[in-house]
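First the structure, in the form of structure tokens, and then the observations on it.
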Amino acid sequence: MEHGNKPDEKGFYGQFGGAYVPEILYKCVTDLQQAYLPIIESKEFQDEYRALLRDYVGRPSPLYHARRLSKKYGCTIYLKREDLNHTGAHKINNTIGQILMAQKMGKTRIIAETGAGQHGVATATVCALMGMDCEIFMGKTDVERQHTNVERMKMLGAKVHPVTTGNMTLSDACSEAIRDWCCHPQDTFYIVGSTMGPHPYPDIVARMQSVISEELKWQLEEKTGRDYPDWLVACVGGGSNAAGTIYHYIDDNRVKICLAEAGGHGIDTNYTAATMHCGTEGIIHGARTLVMQTDDGQIKEAFTISAGLDYPGIGPMHADLASCGRTQVLAINDDEAIRAGYELTRMEGIIPAIESAHAVAALSKLEFKPTDVVVLTVSGRGDKDVETYLANKDMAGEYGMF
Ligand SMILES: *Cc1c(COP(=O)(O)O)cnc(C)c1O
């Protein structure tokens with residue numbers, strides 16, 4: 001069986017993926033399955049998408065040689081700076097592409113789910129840009145703890161619906177967005193925020209984010225004389241920034257891949273979001289994948305200090321790549337992520353999103369050769385997390401003494 005960056009025609013990556021949707025969405029999903037590749041591959045789409053990535057998002061994002069970090073870890077470390085994109089994370093690469101797709105399919109109303117609010121902001125942003133109606137579903141708990149992102153969405157003209165079912169977090173927001181889609185299948189386009197959901201969403205999102213590794217190829221060639229690194233390191237929630245980072249290197253066995261998922265309080269506790277360590281096969285939000293669930297199949301609440309990694313599932317591409325051993329997956333606990341966030345801040349002057357700090361924490365768990373070239377994706381900036389960093393400086397080790 002092939003384990004690559006693309007699913008088969010039914011949307012399966014190995015045994016994971018597919019499209020498990022209610023009857024009423026069947027037509028919507030099959031329409032999208034038939035439309036997405038011709039749209040993405042059209043010259044018209046590519047011209048518009050590329051122009052917006054360049055002039056609106058600010059791409060290419062820099063590949064930055066982190067000299068002090070390199071010295072500390074005894075190798076050459078480059079940071080892929082997705083934190084410098086417009087709206088402060090990689091999410092906009094995807095929302096720009098999906099809104100163009102929605103327009104080409106004649107849809108007039110956009111819905112999206114959001115956890116920390118980053119995908120909500122990225123969606124509200126492109127809706128403002130295109131003058132389209134935007135409704136965002138967000139767990140009530142997240143509405144309260146991510147207040148500034150809620151204000152940003154409102155300022156951008158989006159309607160934010162606080163979701164009061166279940167634990168009132170990301171997973172419930174996804175369910176509510178799917179429910180809304182069932183009620184408005186004709187005019188509504190659902191912009192999914194990560195490499196999750198029913199086929200074709202994982203493939204759409206991975207293709208939109210694959211611009212990250214497309215740029216890495218020429219940036220590495222320019223900086224190191226070869227177009228591949230020895231290591232790629234990224235954090236995973238649903239898996240989109242990681243999918244983009246590894247997309248063009250999955251078949252290249254010279255490249256080792258390390259993904260950092262959120263361990264929360266630890267994988268041997270009930271307070272974790274480490275789906276690839278603790279999950280078992282099941283169905284969540286339209287896809288067969290690894291899911292954190294009870295013995296009788298109830299989805300468990302995910303727990304992590306990082307709202308953007310707070311998801312009890314994982315994209316099917318990553319479930320497959322981890323299961324076949326192509327990727328090495330590390331669970332990074334809250335305290336390790338906080339410490340690593342401070343480390344990058346103090347050593348390179350870059351405050352990373354707490355999600356991205358999970359990737360930084362992986363560096364101290366890997367063994368590098370002095371000649372190794374390591375690329376670490378900084379998925380987002382940490383402005384939204386400054387309060388959390390300061391409230392937890394007791395976890396920052398030697399960096400917490402101030
Ligand atoms: C949403 C988010 C993530 C997690 O999502 P993926 O789809 O796994 O990339 C990671 N980092 C930041 C900054 C985010 O906003």
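Numbering starts fresh at 1 for the residues of each chain in the structure tokens, the chains themselves are lettered A, B, ... in the order given, and ligands are numbered from 1 as they appear.
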Set the cut-off to 6 Å, count only C-alpha atoms and all ligand atoms, and list whatever residues fall near ligand 1 as a short mmCIF file (atom, residue, chain, number, x, y, z; two decimals) with C-alpha atoms, in the first residue's frame.
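As written to disk, part-v9.cif reads:
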data_model
loop_
_atom_site.label_atom_id
_atom_site.label_comp_id
_atom_site.auth_asym_id
_atom_site.auth_seq_id
_atom_site.Cartn_x
_atom_site.Cartn_y
_atom_site.Cartn_z
CA ALA A 89 -0.42 32.14 11.16
CA GLN A 118 -7.32 31.71 14.47
CA SER A 194 -7.46 21.85 9.02
CA VAL A 236 0.06 19.01 14.81
CA GLY A 237 -3.48 19.81 15.87
CA GLY A 238 -5.63 18.69 12.95
CA GLY A 239 -2.46 18.61 10.89
CA SER A 240 -2.54 21.43 8.32
CA ASN A 241 0.72 23.27 8.97
CA ALA A 242 2.49 19.92 9.29
CA GLY A 308 -5.20 25.52 18.61
CA LEU A 309 -4.17 21.89 19.29
CA ALA A 353 2.25 30.75 19.24
CA GLU A 355 1.06 25.65 19.28
CA SER A 356 4.36 26.33 17.49
CA SER A 379 3.08 28.05 12.51
CA GLY A 380 2.01 31.29 14.17
#
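Every protein, DNA or RNA residue with an atom at most 12 Å from Ile178 of chain A, where only C-alpha atoms count and chain neighbours fewer than 5 positions away do not, is listed here: Tyr20, Val21, Pro22, Ile24, Leu25, Cys28, Val29, Ile111, Ala112, Glu113, Ile136, Phe137, Ser171, Asp172, Ala173, Cys183, His184, Pro185, Thr188, Phe189, Tyr190, Ile191, Val192, Gly197, Pro198, Ile284, His285 and Gly286 of chain A.
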Suppose we keep N, CA and C atoms; can you now write the selection as a short mmCIF file (atom, residue, chain, number, x, y, z; two decimals), in the first residue's frame?
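Result written to again.cif:
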data_model
loop_
_atom_site.label_atom_id
_atom_site.label_comp_id
_atom_site.auth_asym_id
_atom_site.auth_seq_id
_atom_site.Cartn_x
_atom_site.Cartn_y
_atom_site.Cartn_z
N TYR A 20 -17.76 10.16 5.61
CA TYR A 20 -18.88 9.60 6.36
C TYR A 20 -19.80 10.75 6.75
N VAL A 21 -20.74 11.09 5.83
CA VAL A 21 -21.59 12.26 6.08
C VAL A 21 -23.06 11.86 6.08
N PRO A 22 -23.90 12.68 6.75
CA PRO A 22 -25.33 12.42 6.72
C PRO A 22 -25.86 12.51 5.29
N ILE A 24 -28.19 14.01 3.90
CA ILE A 24 -28.56 15.33 3.37
C ILE A 24 -27.35 16.08 2.80
N LEU A 25 -26.14 15.74 3.26
CA LEU A 25 -24.94 16.41 2.75
C LEU A 25 -24.30 15.67 1.60
N CYS A 28 -23.82 17.71 -1.60
CA CYS A 28 -22.82 18.76 -1.39
C CYS A 28 -21.41 18.23 -1.47
N VAL A 29 -21.20 17.11 -0.75
CA VAL A 29 -19.86 16.55 -0.65
C VAL A 29 -19.43 15.95 -1.99
N ILE A 111 -19.48 29.45 6.01
CA ILE A 111 -19.47 29.09 7.44
C ILE A 111 -18.12 28.45 7.76
N ALA A 112 -17.75 28.52 9.05
CA ALA A 112 -16.52 27.87 9.50
C ALA A 112 -16.61 27.60 10.99
N GLU A 113 -15.82 26.61 11.43
CA GLU A 113 -15.67 26.33 12.86
C GLU A 113 -14.37 26.99 13.33
N ILE A 136 -19.46 32.17 11.94
CA ILE A 136 -18.43 31.35 12.59
C ILE A 136 -19.03 30.63 13.80
N PHE A 137 -18.77 29.34 13.90
CA PHE A 137 -19.21 28.55 15.05
C PHE A 137 -18.02 28.34 15.98
N SER A 171 -14.40 20.72 19.06
CA SER A 171 -15.07 19.56 18.53
C SER A 171 -16.58 19.82 18.38
N ASP A 172 -17.16 20.52 19.36
CA ASP A 172 -18.59 20.84 19.32
C ASP A 172 -18.88 21.90 18.26
N ALA A 173 -17.93 22.82 18.07
CA ALA A 173 -18.09 23.84 17.03
C ALA A 173 -18.12 23.18 15.65
N CYS A 183 -28.50 22.33 6.94
CA CYS A 183 -29.70 23.16 6.78
C CYS A 183 -29.62 24.06 5.56
N HIS A 184 -28.41 24.37 5.09
CA HIS A 184 -28.24 25.30 3.96
C HIS A 184 -27.30 24.72 2.90
N PRO A 185 -27.59 23.51 2.41
CA PRO A 185 -26.61 22.89 1.50
C PRO A 185 -26.47 23.62 0.16
N THR A 188 -24.39 27.48 0.74
CA THR A 188 -23.33 27.63 1.73
C THR A 188 -22.08 26.84 1.38
N PHE A 189 -20.92 27.47 1.58
CA PHE A 189 -19.64 26.76 1.47
C PHE A 189 -19.04 26.70 2.87
N TYR A 190 -18.67 25.50 3.29
CA TYR A 190 -18.05 25.30 4.60
C TYR A 190 -16.53 25.34 4.42
N ILE A 191 -15.89 26.36 4.96
CA ILE A 191 -14.41 26.46 4.90
C ILE A 191 -13.83 25.73 6.11
N VAL A 192 -13.35 24.52 5.89
CA VAL A 192 -12.77 23.72 6.98
C VAL A 192 -11.35 24.20 7.26
N GLY A 197 -12.07 16.34 8.48
CA GLY A 197 -13.38 16.37 7.85
C GLY A 197 -13.47 15.34 6.74
N PRO A 198 -14.66 15.28 6.07
CA PRO A 198 -14.86 14.29 5.01
C PRO A 198 -14.03 14.62 3.77
N ILE A 284 -14.73 10.59 13.20
CA ILE A 284 -15.00 11.90 13.78
C ILE A 284 -15.14 12.91 12.66
N HIS A 285 -16.20 13.71 12.72
CA HIS A 285 -16.44 14.77 11.73
C HIS A 285 -16.23 14.30 10.30
N GLY A 286 -16.80 13.15 9.99
CA GLY A 286 -16.86 12.70 8.61
C GLY A 286 -15.69 11.90 8.10
#
Alpha helix (DSSP H) residues, from DSSP on the backbone, in segment 216-394 of chain A, as a count of residues only: 58
For Met168 of chain A, work out the shell of residues within 7 Å, counting only C-alpha atoms and skipping chain neighbours fewer than 4 positions away, then give it as a PDB file with N, CA, C and O atoms, in the first residue's frame.
ATOM      1  N   GLY A 139     -17.123  27.243  20.226  1.00  0.00           N
ATOM      2  CA  GLY A 139     -17.593  26.798  21.534  1.00  0.00           C
ATOM      3  C   GLY A 139     -17.669  27.974  22.505  1.00  0.00           C
ATOM      4  O   GLY A 139     -16.834  28.866  22.469  1.00  0.00           O
ATOM      5  N   LYS A 140     -18.703  27.953  23.360  1.00  0.00           N
ATOM      6  CA  LYS A 140     -18.889  29.074  24.286  1.00  0.00           C
ATOM      7  C   LYS A 140     -17.680  29.230  25.218  1.00  0.00           C
ATOM      8  O   LYS A 140     -17.278  30.345  25.538  1.00  0.00           O
ATOM      9  N   THR A 141     -17.089  28.090  25.619  1.00  0.00           N
ATOM     10  CA  THR A 141     -15.901  28.156  26.474  1.00  0.00           C
ATOM     11  C   THR A 141     -14.785  28.915  25.762  1.00  0.00           C
ATOM     12  O   THR A 141     -14.106  29.763  26.357  1.00  0.00           O
ATOM     13  N   VAL A 163     -21.337  28.122  20.717  1.00  0.00           N
ATOM     14  CA  VAL A 163     -21.935  26.784  20.712  1.00  0.00           C
ATOM     15  C   VAL A 163     -22.001  26.261  22.145  1.00  0.00           C
ATOM     16  O   VAL A 163     -20.990  26.252  22.853  1.00  0.00           O
ATOM     17  N   THR A 164     -23.198  25.849  22.551  1.00  0.00           N
ATOM     18  CA  THR A 164     -23.376  25.470  23.959  1.00  0.00           C
ATOM     19  C   THR A 164     -23.607  23.972  24.153  1.00  0.00           C
ATOM     20  O   THR A 164     -23.982  23.544  25.233  1.00  0.00           O
ATOM     21  N   ASP A 172     -17.155  20.519  19.356  1.00  0.00           N
ATOM     22  CA  ASP A 172     -18.586  20.842  19.317  1.00  0.00           C
ATOM     23  C   ASP A 172     -18.878  21.896  18.257  1.00  0.00           C
ATOM     24  O   ASP A 172     -19.928  21.873  17.614  1.00  0.00           O
TER      25      ASP A 172
END
DSSP-assigned strand (DSSP E or B) among segment 188-280 of chain A, expressed as an NGL selection string: :A and (188-190 or 231-235 or 256-264 or 280)
Store the residues of this selection in a file with N, CA and C atoms, as a PDB file, in the first residue's frame.
ATOM      1  N   THR A 188     -24.394  27.483   0.740  1.00  0.00           N
ATOM      2  CA  THR A 188     -23.331  27.632   1.732  1.00  0.00           C
ATOM      3  C   THR A 188     -22.081  26.841   1.383  1.00  0.00           C
ATOM      4  N   PHE A 189     -20.925  27.466   1.576  1.00  0.00           N
ATOM      5  CA  PHE A 189     -19.645  26.764   1.471  1.00  0.00           C
ATOM      6  C   PHE A 189     -19.043  26.699   2.866  1.00  0.00           C
ATOM      7  N   TYR A 190     -18.675  25.500   3.289  1.00  0.00           N
ATOM      8  CA  TYR A 190     -18.047  25.304   4.598  1.00  0.00           C
ATOM      9  C   TYR A 190     -16.530  25.345   4.416  1.00  0.00           C
ATOM     10  N   TRP A 231      15.940  17.035   8.471  1.00  0.00           N
ATOM     11  CA  TRP A 231      14.805  16.927   9.384  1.00  0.00           C
ATOM     12  C   TRP A 231      13.756  17.987   9.071  1.00  0.00           C
ATOM     13  N   LEU A 232      12.499  17.613   9.221  1.00  0.00           N
ATOM     14  CA  LEU A 232      11.399  18.580   9.246  1.00  0.00           C
ATOM     15  C   LEU A 232      10.710  18.430  10.599  1.00  0.00           C
ATOM     16  N   VAL A 233      10.406  19.545  11.226  1.00  0.00           N
ATOM     17  CA  VAL A 233       9.742  19.509  12.537  1.00  0.00           C
ATOM     18  C   VAL A 233       8.541  20.464  12.502  1.00  0.00           C
ATOM     19  N   ALA A 234       7.384  19.981  12.932  1.00  0.00           N
ATOM     20  CA  ALA A 234       6.185  20.837  12.971  1.00  0.00           C
ATOM     21  C   ALA A 234       5.251  20.348  14.069  1.00  0.00           C
ATOM     22  N   CYS A 235       4.361  21.249  14.512  1.00  0.00           N
ATOM     23  CA  CYS A 235       3.346  20.840  15.486  1.00  0.00           C
ATOM     24  C   CYS A 235       2.111  20.333  14.743  1.00  0.00           C
ATOM     25  N   LYS A 256      13.930  13.074   7.450  1.00  0.00           N
ATOM     26  CA  LYS A 256      13.241  12.542   8.631  1.00  0.00           C
ATOM     27  C   LYS A 256      12.182  13.559   9.064  1.00  0.00           C
ATOM     28  N   ILE A 257      11.054  13.055   9.523  1.00  0.00           N
ATOM     29  CA  ILE A 257       9.949  13.945   9.881  1.00  0.00           C
ATOM     30  C   ILE A 257       9.558  13.729  11.339  1.00  0.00           C
ATOM     31  N   CYS A 258       9.558  14.815  12.115  1.00  0.00           N
ATOM     32  CA  CYS A 258       9.112  14.738  13.510  1.00  0.00           C
ATOM     33  C   CYS A 258       7.926  15.671  13.714  1.00  0.00           C
ATOM     34  N   LEU A 259       6.830  15.120  14.207  1.00  0.00           N
ATOM     35  CA  LEU A 259       5.633  15.918  14.472  1.00  0.00           C
ATOM     36  C   LEU A 259       5.382  15.981  15.979  1.00  0.00           C
ATOM     37  N   ALA A 260       5.022  17.167  16.454  1.00  0.00           N
ATOM     38  CA  ALA A 260       4.800  17.363  17.891  1.00  0.00           C
ATOM     39  C   ALA A 260       3.314  17.548  18.158  1.00  0.00           C
ATOM     40  N   GLU A 261       2.715  16.600  18.877  1.00  0.00           N
ATOM     41  CA  GLU A 261       1.321  16.780  19.268  1.00  0.00           C
ATOM     42  C   GLU A 261       1.261  17.183  20.730  1.00  0.00           C
ATOM     43  N   ALA A 262       0.067  17.648  21.173  1.00  0.00           N
ATOM     44  CA  ALA A 262      -0.031  18.239  22.497  1.00  0.00           C
ATOM     45  C   ALA A 262      -0.280  17.176  23.561  1.00  0.00           C
ATOM     46  N   GLY A 263       0.685  16.999  24.440  1.00  0.00           N
ATOM     47  CA  GLY A 263       0.562  16.016  25.514  1.00  0.00           C
ATOM     48  C   GLY A 263      -0.277  16.506  26.678  1.00  0.00           C
ATOM     49  N   GLY A 264      -0.527  17.821  26.759  1.00  0.00           N
ATOM     50  CA  GLY A 264      -1.292  18.349  27.900  1.00  0.00           C
ATOM     51  C   GLY A 264      -0.540  18.082  29.197  1.00  0.00           C
ATOM     52  N   THR A 280      -7.689   5.714  19.153  1.00  0.00           N
ATOM     53  CA  THR A 280      -7.939   4.442  18.484  1.00  0.00           C
ATOM     54  C   THR A 280      -8.824   4.731  17.276  1.00  0.00           C
TER      55      THR A 280
END
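Considering the residues A:His199, A:His265, A:His3, A:Lys104 and counting only C-alpha atoms, Asp252 of chain A has its shortest atom-to-atom contact with A:His3.
For the atom pair formed by atom CA of Lys27 of chain A and atom CA of Thr195 of chain A, the distance is 20.9 Å, given to one decimal.
We find atom CA of Asp251 of chain A and atom CA of Ala359 of chain A to be spaced 21.8 Å apart.
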Nearest candidate to Leu170 of chain A (options A:Ala128, A:Ala102, A:Ile283, A:Ala302; using only C-alpha atoms): A:Ala302
Shell around segment 46-59 of chain A at 8 Å using only C-alpha atoms, local window under 6 positions removed, as a ChimeraX atom specification: /A:40,84-86,92-93,96-97,100
Give me the residues near Asp187 of chain A as an mmCIF file with all heavy atoms, in the first residue's frame, where near means some atom within 10 Å (using only C-alpha atoms) and where sequence neighbours in that chain fewer than 4 positions away do not count.
data_model
loop_
_atom_site.group_PDB
_atom_site.id
_atom_site.type_symbol
_atom_site.label_atom_id
_atom_site.label_comp_id
_atom_site.auth_asym_id
_atom_site.auth_seq_id
_atom_site.Cartn_x
_atom_site.Cartn_y
_atom_site.Cartn_z
ATOM 1 N N ALA A 102 -15.053 28.610 -3.316
ATOM 2 C CA ALA A 102 -16.469 28.872 -3.038
ATOM 3 C C ALA A 102 -17.059 29.784 -4.117
ATOM 4 O O ALA A 102 -18.160 29.544 -4.616
ATOM 5 C CB ALA A 102 -16.616 29.515 -1.661
ATOM 6 N N MET A 105 -17.658 28.037 -7.301
ATOM 7 C CA MET A 105 -18.797 27.121 -7.251
ATOM 8 C C MET A 105 -20.121 27.862 -7.075
ATOM 9 O O MET A 105 -21.170 27.237 -6.888
ATOM 10 C CB MET A 105 -18.595 26.105 -6.115
ATOM 11 C CG MET A 105 -17.440 25.143 -6.402
ATOM 12 S SD MET A 105 -17.182 23.928 -5.085
ATOM 13 C CE MET A 105 -18.604 22.859 -5.310
ATOM 14 N N GLY A 106 -20.066 29.194 -7.102
ATOM 15 C CA GLY A 106 -21.283 30.000 -7.047
ATOM 16 C C GLY A 106 -21.924 30.089 -5.670
ATOM 17 O O GLY A 106 -23.104 30.431 -5.542
ATOM 18 N N LYS A 107 -21.163 29.786 -4.611
ATOM 19 C CA LYS A 107 -21.723 29.868 -3.249
ATOM 20 C C LYS A 107 -21.672 31.313 -2.758
ATOM 21 O O LYS A 107 -20.776 32.073 -3.145
ATOM 22 C CB LYS A 107 -20.932 28.962 -2.297
ATOM 23 C CG LYS A 107 -20.828 27.522 -2.761
ATOM 24 C CD LYS A 107 -22.134 26.776 -2.610
ATOM 25 C CE LYS A 107 -21.981 25.323 -3.055
ATOM 26 N NZ LYS A 107 -23.189 24.537 -2.899
ATOM 27 N N THR A 108 -22.627 31.668 -1.887
ATOM 28 C CA THR A 108 -22.707 33.066 -1.444
ATOM 29 C C THR A 108 -22.536 33.237 0.063
ATOM 30 O O THR A 108 -22.361 34.343 0.552
ATOM 31 C CB THR A 108 -24.086 33.661 -1.810
ATOM 32 O OG1 THR A 108 -25.090 32.769 -1.297
ATOM 33 C CG2 THR A 108 -24.231 33.787 -3.315
ATOM 34 N N ARG A 109 -22.604 32.138 0.792
ATOM 35 C CA ARG A 109 -22.575 32.233 2.251
ATOM 36 C C ARG A 109 -21.468 31.305 2.749
ATOM 37 O O ARG A 109 -21.381 30.151 2.313
ATOM 38 C CB ARG A 109 -23.940 31.799 2.791
ATOM 39 C CG ARG A 109 -24.069 31.742 4.289
ATOM 40 C CD ARG A 109 -25.524 31.401 4.656
ATOM 41 N NE ARG A 109 -25.684 31.239 6.079
ATOM 42 C CZ ARG A 109 -25.564 30.069 6.725
ATOM 43 N NH1 ARG A 109 -25.289 28.962 6.066
ATOM 44 N NH2 ARG A 109 -25.746 30.022 8.038
ATOM 45 N N ILE A 110 -20.645 31.829 3.666
ATOM 46 C CA ILE A 110 -19.506 31.053 4.179
ATOM 47 C C ILE A 110 -19.742 30.715 5.649
ATOM 48 O O ILE A 110 -20.140 31.573 6.438
ATOM 49 C CB ILE A 110 -18.195 31.881 4.070
ATOM 50 C CG1 ILE A 110 -17.880 32.228 2.610
ATOM 51 C CG2 ILE A 110 -17.027 31.154 4.727
ATOM 52 C CD1 ILE A 110 -17.579 31.073 1.697
ATOM 53 N N TRP A 181 -24.556 23.382 7.907
ATOM 54 C CA TRP A 181 -24.357 23.040 6.487
ATOM 55 C C TRP A 181 -25.513 22.157 5.995
ATOM 56 O O TRP A 181 -26.025 22.342 4.893
ATOM 57 C CB TRP A 181 -23.005 22.329 6.345
ATOM 58 C CG TRP A 181 -22.464 22.262 4.958
ATOM 59 C CD1 TRP A 181 -22.791 23.045 3.889
ATOM 60 C CD2 TRP A 181 -21.475 21.334 4.493
ATOM 61 N NE1 TRP A 181 -22.057 22.665 2.786
ATOM 62 C CE2 TRP A 181 -21.241 21.632 3.123
ATOM 63 C CE3 TRP A 181 -20.744 20.300 5.095
ATOM 64 C CZ2 TRP A 181 -20.318 20.910 2.366
ATOM 65 C CZ3 TRP A 181 -19.825 19.596 4.333
ATOM 66 C CH2 TRP A 181 -19.621 19.897 2.989
#
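With distances restricted to only C-alpha atoms, A:Met347 is the closest residue to Ala66 of chain A from A:Met347, A:Met138, A:Ile332, A:Leu156.
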Non-local contacts of Asn149 of chain A (10 Å; only C-alpha atoms; under 4 positions in same chain excluded) as JSON, numbers by chain: {"A": [116, 117, 118, 119, 120, 121, 142, 143, 145, 153, 154, 155, 384]}
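Reported to one decimal place, the separation of atom CA of Tyr73 of chain A from atom CA of Leu216 of chain A is 21.1 Å.
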Selection near Asp295 of chain A, 12 Å with only C-alpha atoms, sequence-local residues under 3 positions removed, as a count of residues only: 9
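Residue nearest Gln186 of chain A, chosen from A:Glu387, A:Asp31, A:Asp310, A:Asp296 and counting only C-alpha atoms: A:Asp31.
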Using 12 Å as the limit and counting only C-alpha atoms, can you tabulate each residue of segment 282-392 of chain A that touches segment 6-17 of chain A, with its shortest atom-to-atom distance in Å and the two atoms involved, as JSON lines?
{"residue": "A:Gly282", "atom": "CA", "partner": "A:Phe16", "partner_atom": "CA", "distance": 9.3}
{"residue": "A:Ile283", "atom": "CA", "partner": "A:Gly17", "partner_atom": "CA", "distance": 8.9}
{"residue": "A:Ile284", "atom": "CA", "partner": "A:Gly17", "partner_atom": "CA", "distance": 10.0}
{"residue": "A:His285", "atom": "CA", "partner": "A:Gly17", "partner_atom": "CA", "distance": 10.5}
{"residue": "A:Gly286", "atom": "CA", "partner": "A:Gly17", "partner_atom": "CA", "distance": 8.3}
{"residue": "A:Ala287", "atom": "CA", "partner": "A:Gly17", "partner_atom": "CA", "distance": 4.8}
{"residue": "A:Arg288", "atom": "CA", "partner": "A:Gly17", "partner_atom": "CA", "distance": 4.9}
{"residue": "A:Thr289", "atom": "CA", "partner": "A:Phe16", "partner_atom": "CA", "distance": 5.1}
{"residue": "A:Leu290", "atom": "CA", "partner": "A:Phe16", "partner_atom": "CA", "distance": 8.2}
{"residue": "A:Val291", "atom": "CA", "partner": "A:Phe16", "partner_atom": "CA", "distance": 11.3}
{"residue": "A:Gly313", "atom": "CA", "partner": "A:Gly17", "partner_atom": "CA", "distance": 11.7}
{"residue": "A:Ile314", "atom": "CA", "partner": "A:Phe16", "partner_atom": "CA", "distance": 10.3}
{"residue": "A:Gly315", "atom": "CA", "partner": "A:Gly17", "partner_atom": "CA", "distance": 7.9}
{"residue": "A:Pro316", "atom": "CA", "partner": "A:Gly17", "partner_atom": "CA", "distance": 5.0}
{"residue": "A:Met317", "atom": "CA", "partner": "A:Tyr13", "partner_atom": "CA", "distance": 5.7}
{"residue": "A:His318", "atom": "CA", "partner": "A:Tyr13", "partner_atom": "CA", "distance": 8.8}
{"residue": "A:Ala319", "atom": "CA", "partner": "A:Phe16", "partner_atom": "CA", "distance": 6.9}
{"residue": "A:Asp320", "atom": "CA", "partner": "A:Gly14", "partner_atom": "CA", "distance": 6.0}
{"residue": "A:Leu321", "atom": "CA", "partner": "A:Tyr13", "partner_atom": "CA", "distance": 8.5}
{"residue": "A:Ala322", "atom": "CA", "partner": "A:Gly14", "partner_atom": "CA", "distance": 11.1}
{"residue": "A:Ser323", "atom": "CA", "partner": "A:Gly14", "partner_atom": "CA", "distance": 9.4}
{"residue": "A:Cys324", "atom": "CA", "partner": "A:Gly14", "partner_atom": "CA", "distance": 9.1}
